[in-house]
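**Q** What follows is upload_27.txt, compact mmCIF, N, CA and C atoms.
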```txt
# COMPACT_ATOMS: atom_id res chain seq x y z
N MET A 44 98.82 125.44 93.81
CA MET A 44 99.42 126.36 94.76
C MET A 44 98.50 127.57 94.92
N SER A 45 98.36 128.02 96.11
CA SER A 45 97.52 129.19 96.31
C SER A 45 98.35 130.45 96.11
N GLU A 46 97.67 131.46 95.59
CA GLU A 46 98.33 132.76 95.43
C GLU A 46 98.71 133.31 96.80
N LYS A 47 97.91 132.95 97.82
CA LYS A 47 98.17 133.43 99.17
C LYS A 47 99.53 132.93 99.66
N ARG A 48 99.83 131.67 99.39
CA ARG A 48 101.11 131.10 99.82
C ARG A 48 102.29 131.79 99.13
N LEU A 49 102.13 132.08 97.83
CA LEU A 49 103.17 132.79 97.08
C LEU A 49 103.34 134.21 97.65
N ARG A 50 102.23 134.90 97.91
CA ARG A 50 102.32 136.25 98.48
C ARG A 50 103.00 136.24 99.84
N GLN A 51 102.67 135.25 100.67
CA GLN A 51 103.30 135.15 102.00
C GLN A 51 104.81 134.94 101.86
N ALA A 52 105.20 134.08 100.91
CA ALA A 52 106.63 133.82 100.70
C ALA A 52 107.34 135.08 100.21
N ILE A 53 106.71 135.81 99.31
CA ILE A 53 107.30 137.06 98.81
C ILE A 53 107.41 138.08 99.94
N ASP A 54 106.38 138.15 100.78
CA ASP A 54 106.43 139.06 101.94
C ASP A 54 107.59 138.70 102.86
N THR A 55 107.80 137.40 103.09
CA THR A 55 108.91 136.94 103.93
C THR A 55 110.24 137.39 103.34
N LEU A 56 110.39 137.26 102.02
CA LEU A 56 111.62 137.70 101.36
C LEU A 56 111.82 139.20 101.54
N LYS A 57 110.76 139.97 101.30
CA LYS A 57 110.86 141.42 101.42
C LYS A 57 111.23 141.83 102.85
N GLU A 58 110.59 141.19 103.84
CA GLU A 58 110.88 141.49 105.25
C GLU A 58 112.32 141.16 105.61
N SER A 59 112.91 140.21 104.88
CA SER A 59 114.30 139.82 105.12
C SER A 59 115.27 140.69 104.33
N GLY A 60 114.74 141.65 103.58
CA GLY A 60 115.58 142.55 102.79
C GLY A 60 116.06 141.95 101.48
N VAL A 61 115.38 140.91 101.01
CA VAL A 61 115.79 140.23 99.77
C VAL A 61 115.03 140.83 98.59
N ARG A 62 115.77 141.17 97.54
CA ARG A 62 115.14 141.68 96.31
C ARG A 62 114.39 140.56 95.61
N ILE A 63 113.25 140.90 95.03
CA ILE A 63 112.45 139.92 94.30
C ILE A 63 112.73 140.12 92.81
N THR A 64 113.71 139.38 92.30
CA THR A 64 114.03 139.44 90.88
C THR A 64 113.06 138.52 90.13
N PRO A 65 112.89 138.71 88.84
CA PRO A 65 112.02 137.81 88.08
C PRO A 65 112.46 136.34 88.20
N GLN A 66 113.76 136.11 88.19
CA GLN A 66 114.27 134.75 88.31
C GLN A 66 113.96 134.16 89.69
N ARG A 67 114.16 134.95 90.73
CA ARG A 67 113.89 134.48 92.10
C ARG A 67 112.41 134.16 92.25
N HIS A 68 111.57 135.03 91.71
CA HIS A 68 110.12 134.82 91.75
C HIS A 68 109.77 133.51 91.03
N ALA A 69 110.39 133.28 89.88
CA ALA A 69 110.10 132.06 89.10
C ALA A 69 110.56 130.80 89.83
N VAL A 70 111.73 130.84 90.45
CA VAL A 70 112.23 129.68 91.21
C VAL A 70 111.30 129.40 92.38
N LEU A 71 110.90 130.43 93.09
CA LEU A 71 110.00 130.27 94.22
C LEU A 71 108.65 129.71 93.78
N GLU A 72 108.11 130.27 92.73
CA GLU A 72 106.82 129.81 92.22
C GLU A 72 106.90 128.35 91.76
N TYR A 73 108.00 128.00 91.10
CA TYR A 73 108.18 126.62 90.65
C TYR A 73 108.20 125.67 91.85
N LEU A 74 108.94 126.04 92.88
CA LEU A 74 109.01 125.19 94.08
C LEU A 74 107.65 125.06 94.76
N LEU A 75 106.91 126.14 94.83
CA LEU A 75 105.62 126.12 95.49
C LEU A 75 104.59 125.29 94.73
N THR A 76 104.73 125.22 93.41
CA THR A 76 103.76 124.47 92.61
C THR A 76 104.22 123.04 92.34
N SER A 77 105.48 122.77 92.60
CA SER A 77 106.05 121.45 92.30
C SER A 77 105.57 120.42 93.31
N MET A 78 105.12 119.31 92.82
CA MET A 78 104.70 118.23 93.71
C MET A 78 105.86 117.26 93.96
N VAL A 79 106.98 117.53 93.34
CA VAL A 79 108.18 116.70 93.54
C VAL A 79 109.17 117.51 94.36
N HIS A 80 110.28 116.93 94.65
CA HIS A 80 111.36 117.62 95.37
C HIS A 80 112.50 117.78 94.37
N PRO A 81 112.47 118.86 93.57
CA PRO A 81 113.39 118.97 92.43
C PRO A 81 114.83 119.29 92.84
N THR A 82 115.74 118.93 91.94
CA THR A 82 117.13 119.35 92.06
C THR A 82 117.25 120.73 91.42
N ALA A 83 118.37 121.40 91.65
CA ALA A 83 118.61 122.70 91.02
C ALA A 83 118.61 122.56 89.49
N ASP A 84 119.18 121.46 88.99
CA ASP A 84 119.21 121.25 87.54
C ASP A 84 117.80 121.08 86.98
N GLU A 85 116.94 120.38 87.70
CA GLU A 85 115.56 120.21 87.24
C GLU A 85 114.83 121.55 87.21
N ILE A 86 115.08 122.39 88.21
CA ILE A 86 114.46 123.72 88.23
C ILE A 86 114.99 124.54 87.06
N TYR A 87 116.30 124.49 86.84
CA TYR A 87 116.91 125.22 85.73
C TYR A 87 116.29 124.79 84.39
N LYS A 88 116.18 123.48 84.16
CA LYS A 88 115.62 122.98 82.90
C LYS A 88 114.16 123.40 82.72
N ALA A 89 113.41 123.43 83.83
CA ALA A 89 112.01 123.83 83.75
C ALA A 89 111.84 125.31 83.42
N LEU A 90 112.82 126.12 83.83
CA LEU A 90 112.69 127.57 83.66
C LEU A 90 113.53 128.15 82.53
N GLU A 91 114.41 127.35 81.91
CA GLU A 91 115.35 127.92 80.94
C GLU A 91 114.66 128.49 79.71
N SER A 92 113.51 127.97 79.30
CA SER A 92 112.83 128.54 78.13
C SER A 92 112.25 129.92 78.46
N LYS A 93 111.86 130.13 79.70
CA LYS A 93 111.32 131.42 80.12
C LYS A 93 112.44 132.43 80.40
N PHE A 94 113.60 131.92 80.84
CA PHE A 94 114.75 132.76 81.17
C PHE A 94 116.00 132.21 80.47
N PRO A 95 116.13 132.42 79.16
CA PRO A 95 117.25 131.83 78.42
C PRO A 95 118.62 132.31 78.87
N ASN A 96 118.71 133.47 79.49
CA ASN A 96 120.00 133.99 79.94
C ASN A 96 120.33 133.59 81.37
N MET A 97 119.45 132.84 82.02
CA MET A 97 119.68 132.42 83.40
C MET A 97 120.62 131.23 83.42
N SER A 98 121.54 131.21 84.38
CA SER A 98 122.49 130.11 84.51
C SER A 98 122.07 129.19 85.64
N VAL A 99 122.67 128.01 85.69
CA VAL A 99 122.44 127.07 86.79
C VAL A 99 122.91 127.73 88.09
N ALA A 100 124.00 128.50 88.02
CA ALA A 100 124.51 129.19 89.21
C ALA A 100 123.46 130.14 89.79
N THR A 101 122.70 130.80 88.92
CA THR A 101 121.63 131.69 89.38
C THR A 101 120.59 130.91 90.16
N VAL A 102 120.25 129.72 89.67
CA VAL A 102 119.28 128.87 90.37
C VAL A 102 119.83 128.49 91.74
N TYR A 103 121.09 128.04 91.78
CA TYR A 103 121.71 127.67 93.06
C TYR A 103 121.74 128.86 94.03
N ASN A 104 122.10 130.03 93.52
CA ASN A 104 122.15 131.22 94.38
C ASN A 104 120.77 131.57 94.93
N ASN A 105 119.75 131.45 94.10
CA ASN A 105 118.39 131.73 94.55
C ASN A 105 117.93 130.69 95.57
N LEU A 106 118.28 129.44 95.36
CA LEU A 106 117.92 128.39 96.32
C LEU A 106 118.61 128.63 97.66
N ARG A 107 119.85 129.08 97.61
CA ARG A 107 120.58 129.38 98.84
C ARG A 107 119.87 130.48 99.62
N VAL A 108 119.47 131.55 98.92
CA VAL A 108 118.78 132.66 99.56
C VAL A 108 117.45 132.18 100.15
N LEU A 109 116.70 131.40 99.39
CA LEU A 109 115.41 130.89 99.87
C LEU A 109 115.59 129.99 101.10
N ARG A 110 116.67 129.22 101.09
CA ARG A 110 116.98 128.35 102.24
C ARG A 110 117.34 129.19 103.46
N GLU A 111 118.16 130.21 103.25
CA GLU A 111 118.62 131.05 104.36
C GLU A 111 117.48 131.80 105.05
N VAL A 112 116.44 132.17 104.29
CA VAL A 112 115.31 132.87 104.91
C VAL A 112 114.24 131.90 105.41
N GLY A 113 114.49 130.61 105.22
CA GLY A 113 113.58 129.59 105.78
C GLY A 113 112.41 129.21 104.91
N LEU A 114 112.45 129.55 103.62
CA LEU A 114 111.34 129.20 102.73
C LEU A 114 111.52 127.84 102.06
N VAL A 115 112.74 127.34 102.07
CA VAL A 115 113.07 126.09 101.39
C VAL A 115 113.95 125.25 102.30
N ARG A 116 113.75 123.96 102.24
CA ARG A 116 114.60 123.02 102.97
C ARG A 116 115.42 122.25 101.93
N GLU A 117 116.72 122.16 102.17
CA GLU A 117 117.59 121.39 101.27
C GLU A 117 117.71 119.97 101.80
N LEU A 118 117.45 119.02 100.93
CA LEU A 118 117.55 117.60 101.28
C LEU A 118 118.77 117.03 100.60
N THR A 119 119.73 116.56 101.37
CA THR A 119 120.95 116.00 100.80
C THR A 119 120.93 114.48 100.97
N TYR A 120 121.43 113.79 99.98
CA TYR A 120 121.46 112.33 99.98
C TYR A 120 122.82 111.86 99.50
N GLY A 121 123.79 111.86 100.38
CA GLY A 121 125.12 111.37 100.03
C GLY A 121 125.72 112.14 98.89
N ASP A 122 126.12 111.42 97.84
CA ASP A 122 126.79 112.07 96.72
C ASP A 122 125.82 112.51 95.63
N ALA A 123 124.53 112.23 95.80
CA ALA A 123 123.54 112.64 94.80
C ALA A 123 123.28 114.14 94.93
N SER A 124 122.65 114.71 93.92
CA SER A 124 122.32 116.13 93.96
C SER A 124 121.33 116.42 95.08
N SER A 125 121.47 117.60 95.67
CA SER A 125 120.50 118.03 96.68
C SER A 125 119.15 118.20 96.02
N ARG A 126 118.11 117.97 96.80
CA ARG A 126 116.74 118.22 96.37
C ARG A 126 116.18 119.30 97.28
N PHE A 127 115.17 119.99 96.80
CA PHE A 127 114.66 121.14 97.54
C PHE A 127 113.17 120.98 97.80
N ASP A 128 112.79 121.32 99.02
CA ASP A 128 111.43 121.10 99.51
C ASP A 128 110.88 122.42 100.05
N CYS A 129 109.76 122.86 99.50
CA CYS A 129 109.14 124.11 99.94
C CYS A 129 108.23 123.89 101.16
N ASN A 130 108.01 122.65 101.52
CA ASN A 130 107.22 122.35 102.71
C ASN A 130 108.18 122.34 103.90
N THR A 131 108.18 123.42 104.67
CA THR A 131 109.14 123.53 105.77
C THR A 131 108.50 123.12 107.11
N THR A 132 107.26 122.64 107.08
CA THR A 132 106.65 122.13 108.31
C THR A 132 107.27 120.77 108.63
N GLU A 133 107.10 120.32 109.87
CA GLU A 133 107.65 119.01 110.24
C GLU A 133 106.90 117.93 109.48
N HIS A 134 107.63 117.17 108.70
CA HIS A 134 107.06 116.05 107.96
C HIS A 134 108.19 115.11 107.59
N TYR A 135 107.82 113.97 107.05
CA TYR A 135 108.80 112.95 106.70
C TYR A 135 108.68 112.61 105.22
N HIS A 136 109.61 111.78 104.74
CA HIS A 136 109.64 111.43 103.32
C HIS A 136 109.68 109.92 103.12
N ILE A 137 109.01 109.49 102.06
CA ILE A 137 109.16 108.12 101.58
C ILE A 137 109.76 108.24 100.19
N ILE A 138 110.79 107.43 99.93
CA ILE A 138 111.59 107.56 98.72
C ILE A 138 111.58 106.26 97.94
N CYS A 139 111.33 106.34 96.63
CA CYS A 139 111.31 105.15 95.79
C CYS A 139 112.73 104.69 95.50
N ASN A 140 112.98 103.41 95.76
CA ASN A 140 114.30 102.81 95.47
C ASN A 140 114.60 102.77 93.98
N GLU A 141 113.55 102.74 93.16
CA GLU A 141 113.74 102.57 91.72
C GLU A 141 113.96 103.90 91.00
N CYS A 142 113.05 104.85 91.20
CA CYS A 142 113.11 106.10 90.41
C CYS A 142 113.55 107.32 91.22
N GLY A 143 113.64 107.18 92.55
CA GLY A 143 114.09 108.29 93.39
C GLY A 143 113.00 109.28 93.76
N LYS A 144 111.75 109.02 93.36
CA LYS A 144 110.64 109.90 93.70
C LYS A 144 110.55 110.06 95.22
N ILE A 145 110.29 111.28 95.67
CA ILE A 145 110.18 111.58 97.09
C ILE A 145 108.77 112.10 97.36
N VAL A 146 108.09 111.50 98.33
CA VAL A 146 106.73 111.91 98.68
C VAL A 146 106.69 112.27 100.16
N ASP A 147 106.03 113.39 100.47
CA ASP A 147 105.86 113.80 101.86
C ASP A 147 104.79 112.96 102.53
N PHE A 148 104.97 112.71 103.83
CA PHE A 148 103.87 112.16 104.63
C PHE A 148 103.98 112.71 106.04
N GLN A 149 102.84 112.82 106.68
CA GLN A 149 102.76 113.36 108.03
C GLN A 149 102.79 112.23 109.05
N TYR A 150 103.45 112.45 110.14
CA TYR A 150 103.49 111.52 111.25
C TYR A 150 103.83 112.33 112.49
N PRO A 151 103.30 111.97 113.64
CA PRO A 151 103.64 112.76 114.84
C PRO A 151 105.15 112.87 115.02
N SER A 152 105.57 114.02 115.49
CA SER A 152 107.00 114.28 115.66
C SER A 152 107.63 113.28 116.63
N LEU A 153 108.89 113.03 116.44
CA LEU A 153 109.62 112.04 117.24
C LEU A 153 110.47 112.70 118.32
N HIS A 154 109.90 113.65 119.04
CA HIS A 154 110.66 114.35 120.08
C HIS A 154 111.17 113.40 121.16
N GLU A 155 110.37 112.36 121.49
CA GLU A 155 110.80 111.43 122.53
C GLU A 155 112.03 110.64 122.07
N VAL A 156 112.14 110.38 120.78
CA VAL A 156 113.32 109.69 120.24
C VAL A 156 114.54 110.60 120.37
N GLU A 157 114.36 111.89 120.08
CA GLU A 157 115.45 112.85 120.23
C GLU A 157 115.92 112.90 121.69
N SER A 158 114.96 112.95 122.63
CA SER A 158 115.31 112.99 124.06
C SER A 158 116.07 111.74 124.48
N LEU A 159 115.62 110.58 124.03
CA LEU A 159 116.30 109.34 124.35
C LEU A 159 117.71 109.33 123.78
N ALA A 160 117.85 109.78 122.54
CA ALA A 160 119.17 109.83 121.91
C ALA A 160 120.11 110.72 122.71
N GLU A 161 119.62 111.85 123.20
CA GLU A 161 120.44 112.73 124.02
C GLU A 161 120.87 112.04 125.32
N GLN A 162 119.91 111.37 125.96
CA GLN A 162 120.21 110.70 127.23
C GLN A 162 121.24 109.58 127.04
N VAL A 163 121.09 108.81 125.99
CA VAL A 163 121.96 107.64 125.77
C VAL A 163 123.35 108.05 125.30
N THR A 164 123.43 109.10 124.48
CA THR A 164 124.70 109.44 123.84
C THR A 164 125.40 110.65 124.43
N GLY A 165 124.65 111.51 125.13
CA GLY A 165 125.23 112.74 125.62
C GLY A 165 125.27 113.84 124.57
N PHE A 166 124.78 113.57 123.37
CA PHE A 166 124.71 114.58 122.31
C PHE A 166 123.68 115.65 122.67
N ASN A 167 123.86 116.83 122.11
CA ASN A 167 122.79 117.83 122.08
C ASN A 167 122.16 117.69 120.69
N VAL A 168 120.99 117.13 120.63
CA VAL A 168 120.32 116.87 119.34
C VAL A 168 119.78 118.18 118.78
N SER A 169 120.10 118.44 117.52
CA SER A 169 119.60 119.65 116.86
C SER A 169 118.35 119.36 116.03
N HIS A 170 118.29 118.18 115.42
CA HIS A 170 117.15 117.82 114.58
C HIS A 170 117.28 116.35 114.18
N HIS A 171 116.28 115.88 113.49
CA HIS A 171 116.35 114.51 112.95
C HIS A 171 115.68 114.50 111.59
N ARG A 172 115.90 113.41 110.87
CA ARG A 172 115.29 113.25 109.55
C ARG A 172 114.92 111.78 109.40
N LEU A 173 113.65 111.53 109.17
CA LEU A 173 113.17 110.15 108.99
C LEU A 173 112.85 109.95 107.52
N GLU A 174 113.41 108.90 106.96
CA GLU A 174 113.14 108.55 105.56
C GLU A 174 112.77 107.09 105.50
N ILE A 175 111.74 106.81 104.75
CA ILE A 175 111.28 105.44 104.52
C ILE A 175 111.55 105.16 103.04
N TYR A 176 112.02 103.96 102.74
CA TYR A 176 112.33 103.59 101.36
C TYR A 176 111.44 102.44 100.90
N GLY A 177 111.09 102.44 99.64
CA GLY A 177 110.26 101.39 99.06
C GLY A 177 110.13 101.59 97.57
N THR A 178 109.08 101.01 97.00
CA THR A 178 108.83 101.12 95.56
C THR A 178 107.49 101.81 95.36
N CYS A 179 107.50 102.89 94.58
CA CYS A 179 106.27 103.66 94.34
C CYS A 179 105.32 102.88 93.43
N ASP A 180 104.07 103.33 93.38
CA ASP A 180 103.06 102.66 92.55
C ASP A 180 103.47 102.59 91.08
N ASP A 181 104.00 103.70 90.55
CA ASP A 181 104.40 103.70 89.14
C ASP A 181 105.43 102.62 88.85
N CYS A 182 106.44 102.52 89.71
CA CYS A 182 107.50 101.52 89.50
C CYS A 182 106.99 100.10 89.75
N LYS A 183 106.05 99.95 90.68
CA LYS A 183 105.45 98.62 90.90
C LYS A 183 104.73 98.17 89.65
N HIS A 184 104.00 99.09 89.00
CA HIS A 184 103.26 98.75 87.77
C HIS A 184 104.22 98.41 86.64
N VAL A 185 105.33 99.12 86.54
CA VAL A 185 106.33 98.82 85.51
C VAL A 185 106.92 97.43 85.74
N ALA A 186 107.23 97.12 86.99
CA ALA A 186 107.80 95.80 87.33
C ALA A 186 106.79 94.69 87.05
N THR A 187 105.52 94.93 87.34
CA THR A 187 104.47 93.93 87.09
C THR A 187 104.31 93.71 85.59
N ALA A 188 104.38 94.80 84.81
CA ALA A 188 104.21 94.69 83.36
C ALA A 188 105.36 93.91 82.72
N LYS A 189 106.54 93.94 83.32
CA LYS A 189 107.70 93.23 82.76
C LYS A 189 107.59 91.72 82.98
N HIS A 190 106.84 91.30 83.99
CA HIS A 190 106.76 89.86 84.32
C HIS A 190 105.61 89.19 83.68
```
Rewrite the coordinates I just gave you, this time as C-alpha cells.
**A**
Amino acid sequence: MSEKRLRQAIDTLKESGVRITPQRHAVLEYLLTSMVHPTADEIYKALESKFPNMSVATVYNNLRVLREVGLVRELTYGDASSRFDCNTTEHYHIICNECGKIVDFQYPSLHEVESLAEQVTGFNVSHHRLEIYGTCDDCKHVATAKH
C-alpha cells in the first residue's frame, strides 16, 4: 500500500468532518493493505492485539463510517458475513467455491447491459454487480493432492 493512498483516504475523512481515531486509522490501514476482502470479524482479530480494548462493534462502526464517505464498499452475500473492499473503482470479483477467497479483476463496464435491462423491464437501474465463481489455484492444488 502506498502512503499516498493512506494520506488521500485520511484527507477524505477529514474533509467529511470525520475524526481520525487510532482505531479508525488502523481499520483503514488494514483495509488498504489487505489483499483479501475481509469481514469485520477478520479485521477485529487482526487488530485486537494492537487494540485490546477495541470491540467488534467499534470495527463495525468504523466500517460504516468508511462506507458512508465512500472509502469502502460493503459486499453482501446472502446470509454470510459482509466483506469489505477498499477498491471503490469499477471492478468485478471472482469467488472460490471452496474457500470463499475473493479476487478483483478488471473488465470493461457493462453499461449497455444496464441500458438493456432498463428497456426490457422498465426499472431505473442504479448499479450492477458481476461475480464469477470457480476454484482458486490453492484449492485446485489441495484437490489434486487428495487424488
**Q** I'd like the interatomic distance between CA of Gln66 in chain A and CA of Met97 in chain A, to a tenth of an Å.
**A** 7.7 Å
**Q** Atom N of Glu72 in chain A and CA of Tyr120 in chain A are how many Å apart?
**A**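 If I compute the distance from atom N of Glu72 in chain A to CA of Tyr120 in chain A, I get 23.5 Å.
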**Q** Given the choices A:Arg107, A:Leu75, A:Ala69, A:Pro151, which gets closest to Ala89 in chain A if the distance is worked out from only C-alpha atoms?
**A**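 Closest residue, counting only C-alpha atoms: A:Ala69.
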**Q** For CA of His68 in chain A and CA of Ser98 in chain A, determine how far apart the two atoms are, in Å to one decimal place.
**A**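 Atom-to-atom, CA of His68 in chain A and CA of Ser98 in chain A are spaced 15.1 Å apart.
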**Q** If you count only C-alpha atoms, which residues fall within 12 Å of Ser152 in chain A, apart from same-chain ones fewer than 2 positions away, as a list of chain:residue names?
**A**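 These residues fall inside the cut-off: A:Thr132, A:Glu133, A:His134, A:Tyr135, A:Phe148, A:Gln149, A:Tyr150, A:His154, A:Glu155, A:Val156, A:Glu157, A:Ser158, A:His170, A:His171, A:Arg172, A:Leu173.
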**Q** Which is closest to Val79 in chain A among A:Val61, A:Val108, A:Val99, A:Ile145, if we use only C-alpha atoms?
**A**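 Looking at the shortest contact to Val79 in chain A, the residue is A:Ile145.
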**Q** Will you model N, CA, C and O atoms for range 141-163 of chain A and pass it back as a tab-separated table (two decimals), in the coordinates of the input?
**A**
```
chain	number	residue	atom	x	y	z
A	141	GLU	N	113.55	102.74	93.16
A	141	GLU	CA	113.74	102.57	91.72
A	141	GLU	C	113.96	103.90	91.00
A	141	GLU	O	114.93	104.05	90.27
A	142	CYS	N	113.05	104.85	91.20
A	142	CYS	CA	113.11	106.10	90.41
A	142	CYS	C	113.55	107.32	91.22
A	142	CYS	O	113.80	108.38	90.66
A	143	GLY	N	113.64	107.18	92.55
A	143	GLY	CA	114.09	108.29	93.39
A	143	GLY	C	113.00	109.28	93.76
A	143	GLY	O	113.27	110.28	94.43
A	144	LYS	N	111.75	109.02	93.36
A	144	LYS	CA	110.64	109.90	93.70
A	144	LYS	C	110.55	110.06	95.22
A	144	LYS	O	110.72	109.10	95.96
A	145	ILE	N	110.29	111.28	95.67
A	145	ILE	CA	110.18	111.58	97.09
A	145	ILE	C	108.77	112.10	97.36
A	145	ILE	O	108.31	113.03	96.69
A	146	VAL	N	108.09	111.50	98.33
A	146	VAL	CA	106.73	111.91	98.68
A	146	VAL	C	106.69	112.27	100.16
A	146	VAL	O	107.25	111.55	100.99
A	147	ASP	N	106.03	113.39	100.47
A	147	ASP	CA	105.86	113.80	101.86
A	147	ASP	C	104.79	112.96	102.53
A	147	ASP	O	103.81	112.57	101.89
A	148	PHE	N	104.97	112.71	103.83
A	148	PHE	CA	103.87	112.16	104.63
A	148	PHE	C	103.98	112.71	106.04
A	148	PHE	O	105.07	113.06	106.51
A	149	GLN	N	102.84	112.82	106.68
A	149	GLN	CA	102.76	113.36	108.03
A	149	GLN	C	102.79	112.23	109.05
A	149	GLN	O	102.22	111.16	108.81
A	150	TYR	N	103.45	112.45	110.14
A	150	TYR	CA	103.49	111.52	111.25
A	150	TYR	C	103.83	112.33	112.49
A	150	TYR	O	104.59	113.30	112.38
A	151	PRO	N	103.30	111.97	113.64
A	151	PRO	CA	103.64	112.76	114.84
A	151	PRO	C	105.15	112.87	115.02
A	151	PRO	O	105.90	111.94	114.74
A	152	SER	N	105.57	114.02	115.49
A	152	SER	CA	107.00	114.28	115.66
A	152	SER	C	107.63	113.28	116.63
A	152	SER	O	106.97	112.76	117.53
A	153	LEU	N	108.89	113.03	116.44
A	153	LEU	CA	109.62	112.04	117.24
A	153	LEU	C	110.47	112.70	118.32
A	153	LEU	O	111.63	112.34	118.52
A	154	HIS	N	109.90	113.65	119.04
A	154	HIS	CA	110.66	114.35	120.08
A	154	HIS	C	111.17	113.40	121.16
A	154	HIS	O	112.27	113.58	121.68
A	155	GLU	N	110.37	112.36	121.49
A	155	GLU	CA	110.80	111.43	122.53
A	155	GLU	C	112.03	110.64	122.07
A	155	GLU	O	112.89	110.31	122.89
A	156	VAL	N	112.14	110.38	120.78
A	156	VAL	CA	113.32	109.69	120.24
A	156	VAL	C	114.54	110.60	120.37
A	156	VAL	O	115.63	110.15	120.75
A	157	GLU	N	114.36	111.89	120.08
A	157	GLU	CA	115.45	112.85	120.23
A	157	GLU	C	115.92	112.90	121.69
A	157	GLU	O	117.12	112.90	121.97
A	158	SER	N	114.96	112.95	122.63
A	158	SER	CA	115.31	112.99	124.06
A	158	SER	C	116.07	111.74	124.48
A	158	SER	O	117.08	111.83	125.20
A	159	LEU	N	115.62	110.58	124.03
A	159	LEU	CA	116.30	109.34	124.35
A	159	LEU	C	117.71	109.33	123.78
A	159	LEU	O	118.67	108.94	124.46
A	160	ALA	N	117.85	109.78	122.54
A	160	ALA	CA	119.17	109.83	121.91
A	160	ALA	C	120.11	110.72	122.71
A	160	ALA	O	121.29	110.39	122.90
A	161	GLU	N	119.62	111.85	123.20
A	161	GLU	CA	120.44	112.73	124.02
A	161	GLU	C	120.87	112.04	125.32
A	161	GLU	O	122.03	112.11	125.71
A	162	GLN	N	119.91	111.37	125.96
A	162	GLN	CA	120.21	110.70	127.23
A	162	GLN	C	121.24	109.58	127.04
A	162	GLN	O	122.16	109.44	127.85
A	163	VAL	N	121.09	108.81	125.99
A	163	VAL	CA	121.96	107.64	125.77
A	163	VAL	C	123.35	108.05	125.30
A	163	VAL	O	124.35	107.44	125.70
```
